[in-house]
$ cat input-v1.cif   # mmCIF, C-alpha atoms and all ligand atoms
data_coords
#
loop_
_atom_site.label_atom_id
_atom_site.label_comp_id
_atom_site.auth_asym_id
_atom_site.auth_seq_id
_atom_site.Cartn_x
_atom_site.Cartn_y
_atom_site.Cartn_z
CA MET A 1 24.87 3.64 33.15
CA GLN A 2 22.28 6.01 31.62
CA THR A 3 23.03 9.69 32.13
CA LEU A 4 21.15 12.86 31.33
CA TRP A 5 23.33 13.22 28.24
CA ASP A 6 21.92 10.02 26.75
CA GLU A 7 18.58 11.81 26.35
CA ARG A 8 20.22 14.60 24.42
CA TYR A 9 22.09 12.86 21.61
CA ALA A 10 20.68 12.82 18.07
CA LEU A 11 19.02 9.62 16.88
CA ARG A 12 21.84 8.97 14.42
CA THR A 13 24.21 8.34 17.31
CA ASP A 14 22.24 5.17 18.16
CA ASN A 15 24.13 3.42 15.40
CA ILE A 16 27.63 4.68 16.12
CA GLY A 17 29.50 2.70 18.70
CA SER A 18 33.14 3.32 19.39
CA SER A 19 35.17 1.47 16.76
CA ALA A 20 36.13 -1.98 18.03
CA ILE A 21 39.57 -1.50 16.52
CA ARG A 22 40.24 1.75 18.34
CA GLU A 23 39.23 0.11 21.63
CA LEU A 24 41.47 -2.88 20.95
CA LEU A 25 44.37 -0.70 19.95
CA LYS A 26 44.36 0.74 23.45
CA LEU A 27 45.03 -2.75 24.85
CA THR A 28 47.64 -3.56 22.28
CA SER A 29 49.72 -0.51 23.03
CA LEU A 30 50.57 -2.01 26.42
CA PRO A 31 54.31 -2.51 26.81
CA ASP A 32 55.79 -5.77 25.44
CA VAL A 33 52.67 -6.65 23.43
CA ILE A 34 53.60 -7.57 19.88
CA SER A 35 50.68 -6.10 17.99
CA PHE A 36 49.45 -7.44 14.69
CA ALA A 37 46.22 -5.57 15.39
CA GLY A 38 46.51 -2.06 13.92
CA GLY A 39 46.81 -1.12 10.28
CA LEU A 40 49.85 0.98 10.99
CA PRO A 41 52.69 1.57 8.52
CA ALA A 42 56.23 0.97 9.75
CA PRO A 43 57.55 4.17 11.33
CA GLU A 44 60.99 3.22 9.97
CA VAL A 45 59.80 4.13 6.47
CA PHE A 46 58.52 7.61 7.31
CA PRO A 47 60.44 10.18 5.22
CA ILE A 48 61.25 12.47 8.12
CA GLU A 49 64.24 14.17 6.46
CA GLN A 50 62.23 14.92 3.31
CA PHE A 51 59.51 16.54 5.40
CA LYS A 52 62.07 18.62 7.33
CA GLU A 53 63.46 19.96 4.08
CA ALA A 54 59.99 20.51 2.63
CA ALA A 55 58.90 22.41 5.74
CA ASP A 56 61.88 24.73 5.33
CA VAL A 57 61.15 25.38 1.65
CA VAL A 58 57.40 25.80 2.12
CA LEU A 59 57.64 28.13 5.11
CA THR A 60 60.49 30.18 3.65
CA GLU A 61 59.18 30.54 0.12
CA MET A 62 55.39 30.33 0.44
CA GLY A 63 54.58 30.55 4.14
CA ASP A 64 52.05 33.31 3.50
CA ARG A 65 49.93 30.93 1.38
CA ALA A 66 50.69 27.68 3.18
CA LEU A 67 49.37 29.07 6.47
CA GLN A 68 46.30 30.70 4.91
CA TYR A 69 42.79 29.27 4.35
CA GLY A 70 42.54 27.39 1.07
CA THR A 71 39.85 26.20 -1.32
CA THR A 72 37.63 23.26 -0.36
CA GLU A 73 38.64 21.37 -3.51
CA GLY A 74 42.27 21.31 -2.39
CA TYR A 75 45.67 22.76 -3.33
CA GLN A 76 45.59 23.08 -7.12
CA PRO A 77 49.15 21.80 -7.87
CA LEU A 78 48.45 18.73 -5.71
CA ARG A 79 45.18 18.04 -7.56
CA GLU A 80 47.02 18.46 -10.86
CA MET A 81 49.76 16.07 -9.75
CA ILE A 82 47.14 13.43 -8.89
CA ALA A 83 45.44 13.93 -12.27
CA ARG A 84 48.83 13.59 -14.03
CA ASN A 85 49.64 10.39 -12.14
CA ALA A 86 46.21 8.96 -12.93
CA ALA A 87 46.74 9.77 -16.60
CA LYS A 88 49.77 7.45 -16.58
CA TYR A 89 47.32 4.58 -16.05
CA GLY A 90 45.35 5.70 -19.07
CA ILE A 91 42.40 7.51 -17.53
CA GLN A 92 41.50 10.95 -18.86
CA ILE A 93 40.92 13.23 -15.88
CA THR A 94 41.77 16.80 -14.96
CA ALA A 95 42.18 18.48 -11.57
CA ASP A 96 38.41 19.10 -11.69
CA ASN A 97 37.89 15.36 -11.19
CA VAL A 98 39.98 15.42 -7.99
CA LEU A 99 39.02 16.38 -4.45
CA ILE A 100 41.58 16.46 -1.64
CA THR A 101 40.18 15.02 1.61
CA THR A 102 41.29 14.77 5.21
CA GLY A 103 42.17 11.08 4.91
CA SER A 104 40.20 8.54 2.90
CA GLN A 105 38.16 8.17 6.03
CA GLN A 106 36.69 11.60 5.36
CA ALA A 107 36.02 10.63 1.76
CA LEU A 108 33.99 7.65 3.01
CA ASP A 109 32.05 9.85 5.41
CA LEU A 110 31.34 12.45 2.71
CA LEU A 111 30.13 9.72 0.35
CA GLY A 112 27.76 8.55 3.08
CA ARG A 113 26.53 12.11 3.49
CA ILE A 114 25.74 12.67 -0.16
CA PHE A 115 24.37 9.23 -1.05
CA ILE A 116 22.85 7.40 1.91
CA ASN A 117 19.29 8.00 3.01
CA ARG A 118 18.12 6.15 6.12
CA GLY A 119 17.38 2.56 5.11
CA ASP A 120 19.40 2.64 1.86
CA ARG A 121 21.10 -0.62 1.00
CA VAL A 122 24.84 -0.62 0.35
CA LEU A 123 26.58 -3.72 -0.97
CA VAL A 124 29.85 -4.54 0.80
CA GLU A 125 32.24 -7.45 0.79
CA SER A 126 32.03 -9.56 3.90
CA PRO A 127 34.38 -9.04 5.64
CA THR A 128 34.99 -5.40 4.78
CA TYR A 129 36.81 -2.29 6.03
CA LEU A 130 35.65 -1.40 9.52
CA GLY A 131 36.10 2.36 9.01
CA ALA A 132 33.53 2.36 6.21
CA ILE A 133 31.02 0.48 8.34
CA GLN A 134 31.57 2.97 11.12
CA ALA A 135 31.24 5.99 8.86
CA TRP A 136 28.03 4.84 7.19
CA ASN A 137 26.26 3.50 10.26
CA ALA A 138 25.62 7.10 11.24
CA TYR A 139 23.54 7.57 8.09
CA GLY A 140 21.23 4.65 8.85
CA VAL A 141 22.62 2.35 6.15
CA LYS A 142 21.48 -1.24 5.68
CA TYR A 143 24.22 -3.59 4.53
CA VAL A 144 23.91 -6.29 1.93
CA THR A 145 26.97 -8.51 1.95
CA ILE A 146 28.77 -10.61 -0.62
CA PRO A 147 31.38 -13.28 0.18
CA PHE A 148 34.92 -13.49 -1.18
CA ASP A 149 37.34 -16.20 -2.29
CA ASP A 150 40.98 -16.12 -3.45
CA ASP A 151 40.01 -13.92 -6.43
CA GLY A 152 38.17 -11.37 -4.33
CA MET A 153 34.47 -10.55 -4.33
CA ARG A 154 32.30 -13.44 -5.62
CA THR A 155 30.94 -11.62 -8.65
CA ASP A 156 28.96 -14.74 -9.62
CA MET A 157 26.73 -13.86 -6.66
CA LEU A 158 26.41 -10.19 -7.58
CA GLU A 159 23.36 -10.12 -9.81
CA ALA A 160 20.95 -11.60 -7.28
CA ARG A 161 21.97 -8.88 -4.86
CA LEU A 162 21.79 -6.05 -7.37
CA ARG A 163 18.21 -7.04 -8.10
CA THR A 164 17.28 -6.16 -4.53
CA GLY A 165 17.95 -2.43 -5.01
CA ILE A 166 21.44 -1.27 -4.05
CA LYS A 167 22.50 2.38 -3.59
CA PHE A 168 26.17 1.72 -4.28
CA ILE A 169 28.74 -1.05 -4.22
CA TYR A 170 31.75 -0.61 -1.92
CA VAL A 171 34.79 -2.60 -2.99
CA LEU A 172 38.49 -2.81 -2.14
CA PRO A 173 39.99 -4.47 -5.23
CA ASN A 174 43.66 -4.48 -4.16
CA PHE A 175 44.95 -6.42 -1.13
CA GLN A 176 41.67 -5.97 0.62
CA ASN A 177 41.45 -4.83 4.23
CA PRO A 178 41.02 -7.14 6.13
CA THR A 179 41.59 -10.26 3.95
CA GLY A 180 44.55 -9.25 1.78
CA VAL A 181 42.92 -10.78 -1.35
CA THR A 182 42.90 -9.10 -4.77
CA LEU A 183 40.00 -8.90 -7.21
CA SER A 184 41.00 -10.66 -10.47
CA ARG A 185 40.92 -8.78 -13.77
CA ALA A 186 38.03 -10.87 -15.10
CA ARG A 187 35.97 -10.12 -12.00
CA ARG A 188 36.80 -6.41 -12.21
CA ILE A 189 35.30 -6.32 -15.68
CA GLN A 190 32.30 -8.38 -14.61
CA LEU A 191 31.68 -6.06 -11.66
CA ILE A 192 31.84 -2.92 -13.81
CA GLU A 193 29.56 -4.37 -16.48
CA MET A 194 26.98 -5.56 -14.01
CA ALA A 195 27.01 -2.35 -11.97
CA ASP A 196 26.52 -0.43 -15.18
CA ALA A 197 23.68 -2.69 -16.32
CA TYR A 198 21.85 -2.18 -13.02
CA GLY A 199 22.68 1.53 -12.81
CA VAL A 200 24.50 1.14 -9.50
CA PRO A 201 27.63 3.23 -8.83
CA ILE A 202 30.82 1.71 -7.45
CA VAL A 203 32.91 3.18 -4.63
CA GLU A 204 36.46 1.91 -5.10
CA ASP A 205 38.67 2.22 -2.01
CA ASP A 206 42.33 1.70 -2.91
CA PRO A 207 44.78 2.69 -0.18
CA TYR A 208 47.21 -0.15 -0.97
CA GLY A 209 47.26 -0.28 -4.79
CA GLN A 210 50.88 0.90 -4.98
CA LEU A 211 52.07 -1.59 -2.39
CA ARG A 212 52.23 -4.70 -4.56
CA TYR A 213 54.96 -7.24 -3.73
CA GLU A 214 54.40 -9.79 -6.49
CA GLY A 215 52.47 -10.29 -9.72
CA ASP A 216 51.41 -7.75 -12.33
CA HIS A 217 49.67 -4.48 -11.62
CA LEU A 218 45.93 -4.65 -12.25
CA PRO A 219 44.16 -1.50 -13.44
CA PRO A 220 41.83 0.16 -10.94
CA LEU A 221 38.10 -0.14 -11.62
CA VAL A 222 37.92 3.56 -12.42
CA VAL A 223 40.44 3.10 -15.24
CA LEU A 224 38.73 -0.01 -16.65
CA ASP A 225 35.38 1.75 -16.42
CA ASP A 226 36.79 4.68 -18.40
CA GLU A 227 38.30 2.34 -21.01
CA MET A 228 35.04 0.48 -21.45
CA ARG A 229 33.04 3.59 -22.21
CA ALA A 230 32.57 5.26 -25.57
CA LYS A 231 34.69 8.39 -25.50
CA GLU A 232 32.27 11.08 -26.66
CA VAL A 233 33.09 12.90 -23.41
CA PRO A 234 36.87 13.20 -23.10
CA ILE A 235 36.90 13.76 -19.33
CA TYR A 236 35.94 10.95 -16.97
CA SER A 237 32.21 10.83 -16.34
CA GLY A 238 31.70 7.15 -15.57
CA ASN A 239 30.21 5.07 -12.80
CA VAL A 240 33.12 4.68 -10.36
CA ILE A 241 34.13 6.91 -7.46
CA TYR A 242 37.73 6.16 -6.54
CA THR A 243 39.57 7.05 -3.36
CA SER A 244 43.19 6.61 -2.33
CA THR A 245 45.47 8.08 0.31
CA PHE A 246 48.96 9.28 1.20
CA SER A 247 48.65 7.39 4.52
CA LYS A 248 50.46 4.26 3.38
CA ILE A 249 52.96 5.77 0.92
CA LEU A 250 53.99 8.87 2.93
CA ALA A 251 52.51 8.97 6.45
CA PRO A 252 49.06 8.56 8.01
CA GLY A 253 49.62 11.47 10.37
CA LEU A 254 49.29 13.81 7.40
CA ARG A 255 45.57 12.90 7.14
CA LEU A 256 45.73 13.46 3.41
CA ALA A 257 43.87 11.60 0.69
CA TRP A 258 41.95 12.15 -2.53
CA VAL A 259 38.84 11.23 -4.48
CA VAL A 260 38.65 10.82 -8.27
CA ALA A 261 35.10 11.03 -9.64
CA PRO A 262 32.96 12.62 -12.33
CA VAL A 263 33.08 16.42 -11.98
CA GLU A 264 29.45 16.68 -10.84
CA VAL A 265 30.08 14.22 -7.99
CA ILE A 266 33.18 16.18 -6.97
CA LYS A 267 31.04 19.35 -6.82
CA LYS A 268 28.53 17.64 -4.52
CA LEU A 269 31.33 16.30 -2.31
CA VAL A 270 32.81 19.80 -2.13
CA GLN A 271 29.50 21.17 -0.81
CA ALA A 272 29.40 18.41 1.82
CA LYS A 273 33.03 18.98 2.79
CA GLN A 274 32.52 22.71 3.24
CA GLY A 275 30.23 22.01 6.16
CA CYS A 276 32.72 19.56 7.66
CA ASP A 277 36.09 21.27 7.76
CA LEU A 278 36.11 24.00 5.04
CA HIS A 279 39.18 22.34 3.57
CA THR A 280 42.00 19.94 4.33
CA SER A 281 45.00 21.49 6.10
CA THR A 282 46.72 23.85 3.65
CA LEU A 283 50.12 23.40 5.26
CA THR A 284 49.89 19.60 5.01
CA GLN A 285 48.92 19.80 1.35
CA TYR A 286 51.84 22.10 0.51
CA LEU A 287 54.26 19.83 2.38
CA ALA A 288 52.99 16.64 0.80
CA TYR A 289 53.15 18.20 -2.66
CA GLU A 290 56.73 19.33 -2.10
CA VAL A 291 57.72 15.81 -1.01
CA ALA A 292 55.63 13.74 -3.44
CA ASN A 293 56.16 15.74 -6.63
CA THR A 294 59.75 14.56 -6.98
CA PRO A 295 61.54 11.66 -8.69
CA TRP A 296 62.47 10.51 -5.17
CA MET A 297 58.86 9.42 -4.55
CA LYS A 298 59.14 6.42 -6.86
CA SER A 299 62.22 5.10 -5.08
CA HIS A 300 60.51 5.67 -1.75
CA ILE A 301 57.57 3.47 -2.75
CA HIS A 302 60.03 0.81 -3.97
CA MET A 303 61.72 0.90 -0.59
CA ILE A 304 58.39 0.48 1.26
CA ARG A 305 57.51 -2.46 -0.97
CA ARG A 306 60.87 -4.09 -0.17
CA VAL A 307 60.42 -3.69 3.58
CA TYR A 308 56.81 -4.92 3.65
CA ARG A 309 57.42 -7.80 1.23
CA GLU A 310 60.06 -9.14 3.61
CA ARG A 311 57.69 -8.79 6.57
CA ARG A 312 54.88 -10.54 4.72
CA ASP A 313 57.22 -13.40 3.81
CA VAL A 314 58.48 -13.69 7.39
CA MET A 315 54.92 -13.84 8.70
CA ILE A 316 53.84 -16.51 6.23
CA LYS A 317 56.91 -18.61 7.01
CA ALA A 318 56.32 -18.23 10.75
CA LEU A 319 52.69 -19.29 10.32
CA GLU A 320 53.79 -22.34 8.32
CA GLU A 321 56.30 -23.30 10.98
CA ASN A 322 54.17 -22.72 14.06
CA MET A 323 50.43 -22.97 13.44
CA PRO A 324 48.62 -26.19 14.29
CA GLU A 325 46.77 -28.14 11.65
CA GLY A 326 43.41 -26.67 10.69
CA VAL A 327 44.54 -23.03 10.77
CA GLN A 328 44.58 -21.41 7.32
CA TRP A 329 45.65 -18.03 6.02
CA THR A 330 45.56 -15.95 2.84
CA HIS A 331 48.67 -15.16 0.75
CA PRO A 332 48.31 -11.44 0.01
CA LYS A 333 50.21 -10.14 -3.02
CA GLY A 334 50.48 -6.71 -1.41
CA GLY A 335 49.07 -4.46 1.26
CA LEU A 336 49.39 -4.71 5.01
CA PHE A 337 47.30 -7.67 6.16
CA LEU A 338 46.69 -11.33 5.98
CA TRP A 339 43.59 -13.13 7.14
CA ALA A 340 43.71 -16.27 9.24
CA THR A 341 40.89 -18.77 9.69
CA LEU A 342 40.86 -21.00 12.76
CA PRO A 343 39.19 -24.42 12.84
CA LYS A 344 35.37 -24.24 12.83
CA GLY A 345 33.90 -23.71 16.27
CA MET A 346 36.85 -21.67 17.55
CA ASP A 347 36.15 -18.05 18.46
CA SER A 348 39.03 -15.63 17.94
CA GLY A 349 37.24 -13.04 20.11
CA ALA A 350 37.19 -15.50 22.99
CA ILE A 351 40.94 -16.12 22.81
CA PHE A 352 41.83 -12.44 22.44
CA GLU A 353 42.34 -11.94 26.17
CA ASP A 354 44.58 -15.02 26.38
CA ALA A 355 46.56 -13.61 23.49
CA VAL A 356 47.05 -10.21 25.12
CA GLU A 357 48.12 -12.01 28.29
CA ALA A 358 50.65 -13.90 26.14
CA LYS A 359 51.68 -10.46 24.83
CA VAL A 360 50.48 -10.73 21.28
CA ALA A 361 47.46 -9.08 19.63
CA PHE A 362 45.34 -9.33 16.49
CA VAL A 363 41.90 -8.11 15.47
CA PRO A 364 39.12 -10.69 15.87
CA GLY A 365 37.50 -11.18 12.48
CA ALA A 366 33.87 -10.84 13.57
CA SER A 367 34.23 -7.04 13.77
CA PHE A 368 34.69 -6.84 9.99
CA HIS A 369 31.40 -8.63 9.24
CA PRO A 370 28.57 -6.08 9.25
CA LEU A 371 25.88 -8.77 9.43
CA GLY A 372 27.69 -11.09 11.83
CA GLY A 373 29.73 -14.27 11.28
CA GLY A 374 33.46 -14.76 10.94
CA GLU A 375 33.96 -15.63 14.61
CA ASN A 376 36.74 -18.10 13.75
CA THR A 377 38.74 -15.54 11.74
CA MET A 378 41.34 -12.89 12.56
CA ARG A 379 43.23 -10.09 10.81
CA LEU A 380 47.01 -10.01 11.15
CA ASN A 381 49.03 -6.92 10.22
CA PHE A 382 52.62 -7.50 9.10
CA SER A 383 53.78 -3.97 8.21
CA ASN A 384 54.20 -2.57 11.69
CA SER A 385 56.45 -5.22 13.32
CA LYS A 386 60.09 -5.91 12.56
CA PRO A 387 60.87 -9.45 11.30
CA GLU A 388 62.18 -10.75 14.63
CA MET A 389 59.04 -9.47 16.35
CA ILE A 390 56.85 -11.14 13.73
CA ARG A 391 58.58 -14.49 14.34
CA GLU A 392 58.20 -14.17 18.10
CA GLY A 393 54.60 -12.87 17.90
CA ILE A 394 53.42 -15.71 15.66
CA LYS A 395 55.06 -18.24 18.01
CA ARG A 396 53.12 -16.72 20.91
CA LEU A 397 49.89 -16.67 18.94
CA ALA A 398 50.28 -20.29 17.82
CA LYS A 399 50.80 -21.31 21.44
CA VAL A 400 47.56 -19.57 22.49
CA ILE A 401 45.64 -21.19 19.64
CA LYS A 402 47.05 -24.64 20.43
CA ALA A 403 46.12 -24.26 24.10
CA ASN A 404 42.56 -23.29 23.15
CA LEU A 405 42.25 -26.11 20.62
CA LYS A 406 42.55 -28.56 23.47
C1 LIG B 501 40.44 0.25 3.10
C2 LIG B 501 40.77 1.50 3.80
N1 LIG B 501 40.11 2.62 3.50
C3 LIG B 501 40.40 3.78 4.10
C4 LIG B 501 41.37 3.86 5.07
C5 LIG B 501 41.59 5.18 5.75
O1 LIG B 501 42.74 5.76 5.30
P1 LIG B 501 43.14 7.26 5.70
O2 LIG B 501 44.30 7.14 6.61
O3 LIG B 501 43.45 7.91 4.41
O4 LIG B 501 41.95 7.89 6.35
C6 LIG B 501 42.09 2.72 5.42
C7 LIG B 501 43.11 2.78 6.47
O5 LIG B 501 43.65 1.83 6.93
C8 LIG B 501 41.77 1.51 4.77
O6 LIG B 501 42.41 0.37 5.06
#
$ encode --input "input-v1.cif" --output "structure tokens" --more "lines below"
Ligand SMILES: Cc1ncc(COP(=O)(O)O)c(C=O)c1O
Amino acid sequence: MQTLWDERYALRTDNIGSSAIRELLKLTSLPDVISFAGGLPAPEVFPIEQFKEAADVVLTEMGDRALQYGTTEGYQPLREMIARNAAKYGIQITADNVLITTGSQQALDLLGRIFINRGDRVLVESPTYLGAIQAWNAYGVKYVTIPFDDDGMRTDMLEARLRTGIKFIYVLPNFQNPTGVTLSRARRIQLIEMADAYGVPIVEDDPYGQLRYEGDHLPPLVVLDDEMRAKEVPIYSGNVIYTSTFSKILAPGLRLAWVVAPVEVIKKLVQAKQGCDLHTSTLTQYLAYEVANTPWMKSHIHMIRRVYRERRDVMIKALEENMPEGVQWTHPKGGLFLWATLPKGMDSGAIFEDAVEAKVAFVPGASFHPLGGGENTMRLNFSNSKPEMIREGIKRLAKVIKANLK
């Protein structure tokens, strides 16, 4: 129904619907529904005791600063810690290359603000992260999509797209959301070289990089990009803007993340952020620093990997045991999701209601395709359900799919 308010909203709101995921999550929080829909970490791995202790230390010893306004760039020791950790991977950055943001979601929004003019073309994987689509729609973006296979983005199809004029490339190299696939090393190098040749920057979104359950670590694009450049300038000034988050290794409720980029890009982002929220919560930054800047952090990440690896394995086994012929799924080496493909002609959106009635939920894959398609796909999250729930949920889902196959 049209109301008077509809006449009043700015034009940019024409492109911002409510996120399909947020709407679905409402349904999936109904009692007894086993939800593979959200991208939620397991609450069992939240370090509640560590935060209790940190809160005591921070408020007792530095409450006057932790409760005060801070700088837009972020809490200096936290920025330095991130720069130190990055240096371990071989990239030369300082705290000046780091901006603390209110979740990676804010980083994506700020990048839209500083780069996207109405009608600009942004290259994304199809499917891609829904939150990025939602953030950039408000800036009047036009998407150009590129398909994926088991090695991630199809870089053999990149050049034709880059020739059409692309503002930036958005890529999730590790355990992609929603597909779970990882960009191979060879393709990482190809992507960097081609982006460089065409003068197109890369936005690298890496919330799951530390959550690898098998195989060798692959360097982030930002590190490879740095390595591949002549080092006349000692501090990173390359072509990649990298973002990661504390959401999956500490807790998403912190709303705490960071961007690594050339200093001049950080300065521009800082100006954009000032108008948004002045700065990310000072208290949260102090707490996270207190918790994360300890030897304990490494063991914590190991523990999360152990828990999620088991859940991934349980889900894959349950799929193998229950799914009818013709249903396929990816084998993610890390992260939180796997991606299932139903036989051609089936529509996962159309069976969603049946699934919720059977008390199991997923996200229909079409929502992750900015230009349409993917109706026969779905995203399944394995981090947020305990193993016995995963087994039961996949049984329920297989039953719904079998019933709809007939
Ligand atoms: C690919 C990707 N980018 C960004 C985010 C947002 O993370 P944050 O909680 O830091 O806003 C997520 C969250 O699931 C994600 O999967």
$ axis_aligned_box --input "input-v1.cif" --around "ligand LIG 501 (chain B)" --padding-each-side "5 Å" --output "lines of an AutoDock Vina configuration file"
center_x = 42.2
center_y = 4.1
center_z = 5.0
size_x = 14.2
size_y = 17.7
size_z = 13.8
$ closest_residue --input "input-v1.cif" --among "A:Asn137, A:Gln50, A:Thr71, A:Thr128" --to "Leu11 of chain A" --atoms "only C-alpha atoms"
A:Asn137
$ residues_near_ligand --input "input-v1.cif" --ligand "ligand LIG 501 (chain B)" --cutoff "9 Å" --atoms "only C-alpha atoms and all ligand atoms" --output "number ranges by chain"
A: 38-40, 101-108, 128-132, 171-172, 176-178, 205-208, 243-248, 251-258, 336
$ closest_residue --input "input-v1.cif" --among "A:Thr341, A:Ser29, A:Thr3, A:Asn85" --to "Met297 of chain A" --atoms "all atoms listed in the file"
A:Asn85
$ residues_around --input "input-v1.cif" --residues "Glu214 of chain A" --least-positions-apart "5" --cutoff "10 Å" --atoms "only C-alpha atoms" --output "PyMOL selection string"
chain A and resi 305+309+332-334
$ closest_residue --input "input-v1.cif" --among "A:Thr72, A:Asn117, A:Thr284, A:Thr330" --to "Asp151 of chain A" --atoms "all atoms listed in the file"
A:Thr330
$ closest_residue --input "input-v1.cif" --among "A:Gly372, A:Met303, A:Met346, A:Glu392" --to "Glu321 of chain A" --atoms "all atoms listed in the file"
A:Glu392
$ residues_near_point --input "input-v1.cif" --point "(41.8, -0.6, -9.9)" --cutoff "9 Å" --atoms "only C-alpha atoms" --output "list of chain:residue names"
A:Leu172, A:Pro173, A:Asn174, A:Leu183, A:Arg188, A:Glu204, A:Asp205, A:Asp206, A:Gly209, A:His217, A:Leu218, A:Pro219, A:Pro220, A:Leu221, A:Val222, A:Val223, A:Leu224, A:Tyr242
$ closest_residue --input "input-v1.cif" --among "A:Ile390, A:Lys142, A:Glu227, A:Ala86" --to "Ser35 of chain A" --atoms "only C-alpha atoms"
A:Ile390
$ residues_around --input "input-v1.cif" --residues "Asp354 of chain A" --least-positions-apart "4" --cutoff "10 Å" --atoms "all atoms listed in the file" --output "MDAnalysis selection string"
chainID A and resid 349:350 358:361 397 400:401 403:404
$ atom_distance --input "input-v1.cif" --atom1 "atom CA of Arg163 of chain A" --atom2 "atom CA of Tyr198 of chain A"
7.8 Å
$ atom_distance --input "input-v1.cif" --atom1 "atom CA of Phe362 of chain A" --atom2 "atom CA of Gly140 of chain A"
28.9 Å
$ residues_around --input "input-v1.cif" --residues "Lys386 of chain A" --least-positions-apart "5" --cutoff "12 Å" --atoms "all atoms listed in the file" --output "list in words"
Ile34, Ser35, Phe36, Pro41, Ala42, Pro43, Glu44, Val45, Val307, Tyr308, Arg309, Glu310, Arg311, Arg312, Asp313, Val314, Met315, Asn381, Arg391, Glu392 and Gly393 of chain A
$ closest_residue --input "input-v1.cif" --among "A:Tyr143, A:Lys268, A:Gly74, A:Ala37" --to "Asn384 of chain A" --atoms "all atoms listed in the file"
A:Ala37
$ atom_distance --input "input-v1.cif" --atom1 "atom CA of Arg12 of chain A" --atom2 "atom CA of Ile133 of chain A"
13.9 Å
$ residues_around --input "input-v1.cif" --residues "segment 189-191 of chain A" --least-positions-apart "2" --cutoff "8 Å" --atoms "all atoms listed in the file" --output "mmCIF file with C-alpha atoms, in the frame of the given file"
data_model
loop_
_atom_site.group_PDB
_atom_site.id
_atom_site.type_symbol
_atom_site.label_atom_id
_atom_site.label_comp_id
_atom_site.auth_asym_id
_atom_site.auth_seq_id
_atom_site.Cartn_x
_atom_site.Cartn_y
_atom_site.Cartn_z
ATOM 1 C CA THR A 155 30.940 -11.620 -8.650
ATOM 2 C CA LEU A 158 26.410 -10.190 -7.580
ATOM 3 C CA ARG A 185 40.920 -8.780 -13.770
ATOM 4 C CA ALA A 186 38.030 -10.870 -15.100
ATOM 5 C CA ARG A 187 35.970 -10.120 -12.000
ATOM 6 C CA GLU A 193 29.560 -4.370 -16.480
ATOM 7 C CA MET A 194 26.980 -5.560 -14.010
ATOM 8 C CA ALA A 195 27.010 -2.350 -11.970
ATOM 9 C CA LEU A 221 38.100 -0.140 -11.620
ATOM 10 C CA LEU A 224 38.730 -0.010 -16.650
#
$ residues_near_point --input "input-v1.cif" --point "(40.8, -17.4, -2.9)" --cutoff "9 Å" --atoms "all atoms listed in the file" --output "PDB file with C-alpha atoms, in the coordinates of the input"
ATOM      1  CA  PHE A 148      34.920 -13.490  -1.180  1.00  0.00           C
ATOM      2  CA  ASP A 149      37.340 -16.200  -2.290  1.00  0.00           C
ATOM      3  CA  ASP A 150      40.980 -16.120  -3.450  1.00  0.00           C
ATOM      4  CA  ASP A 151      40.010 -13.920  -6.430  1.00  0.00           C
ATOM      5  CA  GLY A 152      38.170 -11.370  -4.330  1.00  0.00           C
ATOM      6  CA  VAL A 181      42.920 -10.780  -1.350  1.00  0.00           C
ATOM      7  CA  THR A 182      42.900  -9.100  -4.770  1.00  0.00           C
ATOM      8  CA  THR A 330      45.560 -15.950   2.840  1.00  0.00           C
ATOM      9  CA  HIS A 331      48.670 -15.160   0.750  1.00  0.00           C
TER      10      HIS A 331
END
$ residues_around --input "input-v1.cif" --residues "Leu338 of chain A" --least-positions-apart "5" --cutoff "6 Å" --atoms "all atoms listed in the file" --output "JSON, numbers by chain"
{"A": [179, 180, 330, 380]}
$ decode --input "input-v1.cif" --residues "segment 35-42 of chain A" --atoms "N, CA and C atoms" --output "PDB file, in the first residue's frame"
ATOM      1  N   SER A  35      17.839 -24.418  11.652  1.00  0.00           N
ATOM      2  CA  SER A  35      18.147 -23.426  10.624  1.00  0.00           C
ATOM      3  C   SER A  35      19.564 -23.561  10.095  1.00  0.00           C
ATOM      4  N   PHE A  36      19.653 -23.830   8.798  1.00  0.00           N
ATOM      5  CA  PHE A  36      20.931 -23.750   8.092  1.00  0.00           C
ATOM      6  C   PHE A  36      20.982 -22.445   7.310  1.00  0.00           C
ATOM      7  N   ALA A  37      20.099 -21.509   7.684  1.00  0.00           N
ATOM      8  CA  ALA A  37      19.916 -20.306   6.867  1.00  0.00           C
ATOM      9  C   ALA A  37      20.921 -19.197   7.200  1.00  0.00           C
ATOM     10  N   GLY A  38      21.080 -18.857   8.452  1.00  0.00           N
ATOM     11  CA  GLY A  38      21.909 -17.695   8.801  1.00  0.00           C
ATOM     12  C   GLY A  38      23.386 -17.964   8.574  1.00  0.00           C
ATOM     13  N   GLY A  39      24.190 -16.932   8.793  1.00  0.00           N
ATOM     14  CA  GLY A  39      25.642 -17.132   8.717  1.00  0.00           C
ATOM     15  C   GLY A  39      26.210 -17.008  10.116  1.00  0.00           C
ATOM     16  N   LEU A  40      25.476 -17.557  11.076  1.00  0.00           N
ATOM     17  CA  LEU A  40      25.830 -17.303  12.473  1.00  0.00           C
ATOM     18  C   LEU A  40      26.934 -18.235  12.971  1.00  0.00           C
ATOM     19  N   PRO A  41      27.896 -17.679  13.730  1.00  0.00           N
ATOM     20  CA  PRO A  41      28.849 -18.556  14.419  1.00  0.00           C
ATOM     21  C   PRO A  41      28.121 -19.372  15.496  1.00  0.00           C
ATOM     22  N   ALA A  42      28.802 -20.404  16.010  1.00  0.00           N
ATOM     23  CA  ALA A  42      28.232 -21.179  17.101  1.00  0.00           C
ATOM     24  C   ALA A  42      28.371 -20.379  18.397  1.00  0.00           C
TER      25      ALA A  42
END
